[in-house]
Amino acid sequence: MAFKRYNIENLEIISAGAEGKAVAKLDGLTIFVPYAVPGDFVDVEIYKRKHGYAEANLLAIRTPSPDRVVPPCGHFGTCGGCKWQMLSYDKQLAFKQKQVEDNFRHLGKFEFPELMPIIGSEKQYYYRNKLEYTFSTMKWLSYEDLKRYEDGEFYEQRCLGFHVPGMFDKVLDIEHCWLQAAPSNDIRLFCRAYALEHNLDFYNPREQVGLLRNIIIRTSSTGDLMLVVVITELNDDSKGFLQAIADRFPEITSLVYVINTKMNDAIFDLPFHLFKGQDYIMEEMEGLKFKVGPKSFYQTNSEQAYNLYKVAREFAAIQPDDVVYDLFTGTGTIANFVAHQAKRVVGIEYVDTAVADAKINSAQNNIENTEFLVGDMAKIFTDSFIKKHGKPDVVISDPPRAGMHPNVIEQLLKLEVPRIVYVSCNPATQARDLTLLNEKYKVVAVQPVDMFPHTQHVENVVKLELR
């Protein structure tokens, strides 16, 4: 039997919850409402109900919260990328701080000190150094657009923008994005305008045909600029497209293209071809230079990444004779960042191209006390590995959202190193792992860092000491 939707009027929003949704409670039922702000009184439509909770659509705001602000982005509410733009930034930070504390208190079983005040981002807009846009013939239409179309009005179905949440085949045509600094918006608008003017084929995700698939824009603090253009073939049209971009934007220092004829958008298993300039851009941090290629991972908020790494370095308290292990080292940014304080740094990462970048980054900065190894942490972080590379005095771990594998935690408990620094993008899995480490380690410092304003995501750095 299909669920019968129903409305609730004048519902009070009491808190911020998971996935950027706000929370209300009514008669023992927890209700999740997107785009609402704690302190709002709203009308909602319940469209899904399970045991103890429900999902709702926001219909109207009866009384706005004093913490509600006007979102600057014209795409807010549809794009889904900045779900907290309607919430004042100081309140965003407060809820992120609370998110870390709640996860530790409710999901973890360990003692922890009072959290340090969250480090906010100096830039709340135009802070990302990487964005990806999709060409599509399946433009997302608003109800107003659909009405005009039904009335016989022509509309352009080709678009360049972001996938609409929950719809793999619908793309929102973006006019202005507040996430990446100039000339990012100008590049996207030019690419779309040129492709429309020259009648180039935009990709159709259902029929899986079309010349133009994606563009990826990467900026850097040094002023370097990379554009990756994803196409299905290199022909006169795509060559003309690339040349037009190069002519219009001489500030692009790296223009790269990828030929993707697969049924999915994954491109990291494909070769990248240089069209103009260098095949990398440079990032800089405290005088260290980091080579960032089209496949390289680099924290997408460069300025906050620096603050995050400074916290990790401070917590690590590395001494000149210390051997440091950097688990999940990526392109070795943290390893190279702390290397000058240590006797030796060993970085471990399962992506071979990232390890290659890490080695290049050490070499170009004349860092000779780092060693980077490729392997699955759960499989290679063994007794024999420790015997071969030396017992660490400090461990820094920055795992993916899923957290650390039980094998890794078991080895850390056996090692009994004096200090562990745990950097996490997911306080929930971090709380789980800290509970397991609690057998031998105590949490002595907790520092949240906001890397992504206007989203619910928060990074968190924890310092652990051997009991």
# chains A, B, ... in the order shown; residues from 1 in each chain; ligands from 1
call {"tool": "closest_atom_pairs", "arguments": {"of": "segment 63-121 of chain A", "to": "segment 36-53 of chain A", "cutoff": "9 Å", "atoms": "only C-alpha atoms", "output": "Markdown table"}}
result
| residue | atom | partner | partner_atom | distance |
| --- | --- | --- | --- | --- |
| A:Thr63 | CA | A:Phe41 | CA | 5.0 |
| A:Pro64 | CA | A:Asp40 | CA | 4.7 |
| A:Ser65 | CA | A:Gly39 | CA | 4.4 |
| A:Pro66 | CA | A:Gly39 | CA | 7.1 |
| A:Asp67 | CA | A:Val37 | CA | 7.2 |
| A:Arg68 | CA | A:Val37 | CA | 6.3 |
| A:Trp84 | CA | A:Val37 | CA | 8.5 |
| A:Met86 | CA | A:Val37 | CA | 7.5 |
| A:Leu87 | CA | A:Val37 | CA | 6.4 |
call {"tool": "select_by_dssp", "arguments": {"residues": "segment 248-403 of chain A", "states": "strand (DSSP E or B)", "output": "ChimeraX atom specification"}}
result
/A:254-259,272-277,281-285,288-292,323-327,344-349,370-374,394-397
call {"tool": "closest_residue", "arguments": {"among": "A:Tyr143, A:Tyr125, A:Phe135, A:Tyr298", "to": "Phe202 of chain A", "atoms": "only C-alpha atoms"}}
result
A:Phe135
call {"tool": "select_by_dssp", "arguments": {"residues": "segment 76-115 of chain A", "states": "alpha helix (DSSP H)", "output": "number ranges by chain"}}
result
A: 89-107
call {"tool": "atom_distance", "arguments": {"atom1": "atom CA of Glu132 of chain A", "atom2": "atom CA of Phe32 of chain A"}}
result
29.1 Å
call {"tool": "residues_around", "arguments": {"residues": "Pro271 of chain A", "least_positions_apart": "2", "cutoff": "12 Å", "atoms": "only C-alpha atoms", "output": "VMD selection string"}}
result
chain A and resid 228 230 256 to 260 266 to 269 273 to 274 279 294 to 295
call {"tool": "residues_around", "arguments": {"residues": "Val449 of chain A", "least_positions_apart": "2", "cutoff": "6 Å", "atoms": "only C-alpha atoms", "output": "number ranges by chain"}}
result
A: 118-119, 459-460
call {"tool": "write_last_selection", "arguments": {"atoms": "C-alpha atoms", "output": "compact mmCIF listing (two decimals), in the first residue's frame"}}
result
# COMPACT_ATOMS: atom_id res chain seq x y z
CA ILE A 118 36.18 25.28 15.66
CA ILE A 119 38.49 27.02 13.18
CA GLU A 459 37.04 17.98 9.52
CA ASN A 460 38.30 17.04 12.96
call {"tool": "residues_around", "arguments": {"residues": "Ala182 of chain A", "least_positions_apart": "6", "cutoff": "12 Å", "atoms": "only C-alpha atoms", "output": "PyMOL selection string"}}
result
chain A and resi 125-129+176+188-189+217-220+223+225+249+251-252
call {"tool": "closest_residue", "arguments": {"among": "A:Asp27, A:Asp151, A:Asp433, A:Glu368", "to": "Asn407 of chain A", "atoms": "only C-alpha atoms"}}
result
A:Asp433
call {"tool": "atom_distance", "arguments": {"atom1": "atom CA of Asn103 of chain A", "atom2": "atom CA of Val443 of chain A"}}
result
14.4 Å
call {"tool": "closest_residue", "arguments": {"among": "A:Ala244, A:Cys79, A:Leu160, A:Ile174", "to": "Ile215 of chain A", "atoms": "only C-alpha atoms"}}
result
A:Leu160
call {"tool": "closest_residue", "arguments": {"among": "A:Glu349, A:Thr137, A:Glu465, A:Val311", "to": "Glu207 of chain A", "atoms": "only C-alpha atoms"}}
result
A:Thr137
call {"tool": "closest_residue", "arguments": {"among": "A:Leu270, A:Ser302, A:Arg148, A:Val164", "to": "Thr222 of chain A", "atoms": "only C-alpha atoms"}}
result
A:Ser302
call {"tool": "residues_around", "arguments": {"residues": "Tyr203 of chain A", "least_positions_apart": "2", "cutoff": "10 Å", "atoms": "only C-alpha atoms", "output": "PyMOL selection string"}}
result
chain A and resi 134-138+158-159+200-201+205-214+231-232
call {"tool": "closest_residue", "arguments": {"among": "A:Pro71, A:Gly330, A:Pro400, A:Gly166", "to": "Gly375 of chain A", "atoms": "only C-alpha atoms"}}
result
A:Gly330
call {"tool": "residues_around", "arguments": {"residues": "Lys310 of chain A", "least_positions_apart": "4", "cutoff": "10 Å", "atoms": "only C-alpha atoms", "output": "JSON, numbers by chain"}}
result
{"A": [304, 305, 306, 314, 315, 316, 334, 337, 338]}
